[in-house]
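Asker: Just one file: start.tsv, with TSV, C-alpha atoms.
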chain	number	residue	atom	x	y	z
A	1	MET	CA	22.41	-3.65	-19.57
A	2	LEU	CA	19.61	-6.04	-18.73
A	3	ASP	CA	16.87	-4.95	-16.41
A	4	LEU	CA	16.72	-6.97	-13.25
A	5	PRO	CA	13.46	-8.85	-12.67
A	6	ARG	CA	11.01	-7.16	-10.33
A	7	VAL	CA	9.80	-9.25	-7.38
A	8	LEU	CA	7.06	-8.40	-4.87
A	9	ILE	CA	7.20	-10.13	-1.49
A	10	VAL	CA	3.85	-9.99	0.31
A	11	ASP	CA	3.93	-11.33	3.85
A	12	ASP	CA	2.68	-10.00	7.17
A	13	VAL	CA	5.77	-11.38	8.93
A	14	ASP	CA	8.58	-8.84	8.73
A	15	LEU	CA	11.27	-11.48	9.27
A	16	VAL	CA	10.04	-13.47	6.24
A	17	ARG	CA	10.04	-10.38	4.00
A	18	ARG	CA	13.54	-9.39	5.10
A	19	ALA	CA	14.96	-12.92	4.67
A	20	VAL	CA	13.51	-13.34	1.19
A	21	GLY	CA	14.64	-9.84	0.24
A	22	ARG	CA	18.20	-10.64	1.37
A	23	ALA	CA	18.18	-13.86	-0.64
A	24	LEU	CA	17.35	-11.90	-3.79
A	25	LYS	CA	19.55	-8.85	-3.14
A	26	GLY	CA	21.51	-7.92	-6.23
A	27	ARG	CA	19.60	-10.49	-8.28
A	28	CYS	CA	16.24	-8.76	-8.49
A	29	VAL	CA	14.53	-5.47	-7.74
A	30	VAL	CA	12.53	-6.30	-4.62
A	31	ASP	CA	9.50	-4.53	-3.22
A	32	GLU	CA	7.81	-5.58	0.00
A	33	ALA	CA	4.26	-5.37	1.32
A	34	GLY	CA	3.25	-6.30	4.86
A	35	ASP	CA	-0.48	-6.42	4.17
A	36	GLY	CA	-3.07	-6.81	1.43
A	37	PRO	CA	-3.89	-3.12	0.89
A	38	THR	CA	-0.20	-2.26	0.42
A	39	ALA	CA	0.20	-5.18	-1.99
A	40	LEU	CA	-2.82	-4.02	-3.98
A	41	ALA	CA	-1.44	-0.49	-4.22
A	42	LEU	CA	1.93	-1.75	-5.48
A	43	LEU	CA	0.37	-4.21	-7.94
A	44	GLU	CA	-1.93	-1.53	-9.32
A	45	ASP	CA	1.04	0.81	-9.79
A	46	ARG	CA	3.56	-1.44	-11.58
A	47	PRO	CA	4.07	-4.92	-13.05
A	48	TYR	CA	6.06	-7.67	-11.34
A	49	ASP	CA	7.85	-10.68	-12.80
A	50	LEU	CA	7.30	-12.70	-9.64
A	51	VAL	CA	4.88	-12.23	-6.73
A	52	LEU	CA	5.42	-14.26	-3.56
A	53	LEU	CA	2.02	-13.90	-1.93
A	54	ASP	CA	1.17	-14.99	1.62
A	55	MET	CA	-2.22	-16.69	1.56
A	56	ASN	CA	-3.16	-15.74	5.13
A	57	LEU	CA	-2.94	-11.96	5.34
A	58	ASP	CA	-5.09	-9.86	7.67
A	59	GLN	CA	-7.65	-7.41	6.24
A	60	VAL	CA	-7.35	-8.64	2.65
A	61	THR	CA	-6.25	-12.25	2.09
A	62	GLY	CA	-3.69	-13.33	-0.50
A	63	ARG	CA	-6.47	-14.90	-2.54
A	64	GLU	CA	-8.44	-11.64	-2.48
A	65	VAL	CA	-5.34	-9.70	-3.57
A	66	TYR	CA	-4.80	-12.11	-6.45
A	67	GLU	CA	-8.44	-12.12	-7.58
A	68	ARG	CA	-8.71	-8.34	-7.48
A	69	VAL	CA	-5.50	-7.74	-9.45
A	70	VAL	CA	-6.50	-10.37	-12.02
A	71	ARG	CA	-9.71	-8.38	-12.60
A	72	THR	CA	-8.17	-4.90	-12.62
A	73	HIS	CA	-4.51	-5.17	-13.70
A	74	PRO	CA	-3.84	-8.71	-14.98
A	75	HIS	CA	-0.83	-7.52	-16.99
A	76	HIS	CA	0.87	-6.52	-13.70
A	77	LEU	CA	0.99	-10.12	-12.48
A	78	GLY	CA	3.88	-12.24	-13.65
A	79	GLU	CA	4.40	-15.58	-11.99
A	80	VAL	CA	2.53	-15.90	-8.67
A	81	VAL	CA	3.59	-18.29	-5.92
A	82	PHE	CA	1.37	-18.53	-2.84
A	83	VAL	CA	3.16	-18.94	0.48
A	84	SER	CA	1.76	-20.14	3.80
A	85	GLY	CA	2.63	-22.00	6.97
A	86	GLY	CA	0.07	-24.58	5.86
A	87	PHE	CA	-2.52	-24.99	3.14
A	88	GLY	CA	-5.86	-26.71	3.46
A	89	THR	CA	-7.10	-29.02	0.73
A	90	ALA	CA	-9.53	-26.39	-0.59
A	91	GLU	CA	-6.77	-23.76	-0.78
A	92	ARG	CA	-4.38	-26.09	-2.60
A	93	THR	CA	-7.13	-27.13	-5.02
A	94	TRP	CA	-8.04	-23.51	-5.79
A	95	ILE	CA	-4.39	-22.53	-6.32
A	96	GLU	CA	-3.80	-25.46	-8.65
A	97	GLU	CA	-7.04	-24.72	-10.56
A	98	GLN	CA	-5.65	-21.24	-11.23
A	99	GLY	CA	-2.49	-22.82	-12.65
A	100	LEU	CA	-0.42	-21.30	-9.85
A	101	ARG	CA	2.18	-22.68	-7.47
A	102	TRP	CA	2.41	-22.82	-3.70
A	103	VAL	CA	5.16	-23.36	-1.14
A	104	VAL	CA	4.96	-24.05	2.59
A	105	LYS	CA	6.96	-21.94	5.04
A	106	PRO	CA	9.67	-21.83	6.15
A	107	ILE	CA	11.17	-20.63	2.90
A	108	THR	CA	14.91	-21.05	2.71
A	109	THR	CA	17.33	-18.98	0.65
A	110	ASP	CA	17.86	-21.97	-1.64
A	111	ILE	CA	14.12	-22.33	-2.26
A	112	VAL	CA	13.74	-18.65	-3.11
A	113	ARG	CA	16.69	-18.63	-5.49
A	114	ALA	CA	15.50	-21.87	-7.10
A	115	MET	CA	12.04	-20.35	-7.69
A	116	VAL	CA	13.60	-17.39	-9.44
A	117	GLY	CA	15.82	-19.71	-11.49
A	118	GLU	CA	12.93	-21.99	-12.44
A	119	LEU	CA	10.90	-19.04	-13.65
A	120	ARG	CA	13.67	-18.24	-16.11
A	121	LEU	CA	13.78	-14.62	-15.08
A	122	GLU	CA	16.76	-12.60	-16.24
A	123	VAL	CA	18.79	-12.94	-13.05
A	124	ARG	CA	22.40	-11.71	-12.90
For this file, produce the structure as structure tokens.
Answerer:
Amino acid sequence: MLDLPRVLIVDDVDLVRRAVGRALKGRCVVDEAGDGPTALALLEDRPYDLVLLDMNLDQVTGREVYERVVRTHPHHLGEVVFVSGGFGTAERTWIEEQGLRWVVKPITTDIVRAMVGELRLEVR
């Protein structure tokens, strides 16, 4: 039996987390974090195949979450996709310099499933 890929959805909007979680139900093991500190705790505790990370979180931004985990637990980060309602030029440039991807909200079910498929995760 193949292990399902583990996905972390980090977004301060509950509706977004629930919708993405529903899109991946039965295809992945999904954890959710509504803020940066919760995301950090989860990422420090276990590895993820895919992290959908809201750039504009309160308290600790998505960029800060990413940078901290890269320093402390880089092996816990699989593919990272930043998510936001809009990205400035500086944000897009930084994301691309890191070799990461970004997507603008709203995120549809098809987009989420396509991201998982493109990442070649073991999805059943």
Asker: Quick one, how far is atom CA of Ala90 of chain A from atom CA of Ile107 of chain A?
Answerer: 21.8 Å
Asker: Pick out the closest residue to Val51 of chain A from this set: A:Lys25, A:Arg92, A:Arg18, A:His76. Count only C-alpha atoms.
Answerer: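 Of A:Lys25, A:Arg92, A:Arg18, A:His76, the one nearest Val51 of chain A, counting only C-alpha atoms, is A:His76.
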Asker: With only C-alpha atoms as the atoms that count, which of A:Arg22, A:Arg68, A:Arg17, A:Arg27 lies nearest to Asp3 of chain A?
Answerer: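 Selected residue with least distance to Asp3 of chain A: A:Arg27.
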Asker: For Val83 of chain A, find every residue with an atom within 6 Å (counting only C-alpha atoms), except residues of its own chain fewer than 3 positions away, and show them as a short mmCIF file (atom, residue, chain, number, x, y, z; two decimals) with C-alpha atoms, keeping the file's coordinate frame.
Answerer:
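Writing the result to selection_36.cif gives the following:
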data_model
loop_
_atom_site.label_atom_id
_atom_site.label_comp_id
_atom_site.auth_asym_id
_atom_site.auth_seq_id
_atom_site.Cartn_x
_atom_site.Cartn_y
_atom_site.Cartn_z
CA LEU A 53 2.02 -13.90 -1.93
CA ASP A 54 1.17 -14.99 1.62
CA MET A 55 -2.22 -16.69 1.56
CA TRP A 102 2.41 -22.82 -3.70
CA VAL A 103 5.16 -23.36 -1.14
CA VAL A 104 4.96 -24.05 2.59
#
Asker: Pick out the closest residue to Leu50 of chain A from this set: A:Gly78, A:Gly85, A:Gly21, A:Gly26. Count only C-alpha atoms.
Answerer: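 The closest residue to Leu50 of chain A is A:Gly78.
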Asker: Give me the residues within 8 Å of Leu43 of chain A as number ranges by chain, counting only C-alpha atoms and dropping any in the same chain fewer than 6 places off.
Answerer: A: 69, 73, 76-77
Asker: Generate the output file for the selected residues, C-alpha atoms, as a PDB file, keeping the file's coordinate frame.
Answerer:
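Printed below is selection.pdb as written:
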ATOM      1  CA  VAL A  69      -5.500  -7.740  -9.450  1.00  0.00           C
ATOM      2  CA  HIS A  73      -4.510  -5.170 -13.700  1.00  0.00           C
ATOM      3  CA  HIS A  76       0.870  -6.520 -13.700  1.00  0.00           C
ATOM      4  CA  LEU A  77       0.990 -10.120 -12.480  1.00  0.00           C
TER       5      LEU A  77
END
Asker: With all atoms listed in the file counted, which protein, DNA or RNA residues have an atom no more than 12 Å from (-7.3, -10.3, 6.1) in the file frame? Please answer as a count of residues only.
Answerer: 18
Asker: I'd like the interatomic distance between atom CA of Asp31 of chain A and atom CA of Thr93 of chain A, to a tenth of an Å.
Answerer: 28.1 Å
Asker: Give the centre and edge lengths of an axis-aligned box, in Å to one decimal, that holds all listed atoms of segment 88-102 of chain A with 8 Å on each side, as JSON.
Answerer:
{"center_x": -3.6, "center_y": -25.1, "center_z": -4.6, "size_x": 27.9, "size_y": 23.8, "size_z": 32.1}
Asker: Provide the atom CA of Glu91 of chain A to atom CA of Pro47 of chain A distance in Å, to one decimal place.
Answerer: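 Computing the Euclidean distance for atom CA of Glu91 of chain A and atom CA of Pro47 of chain A yields 25.0 Å.
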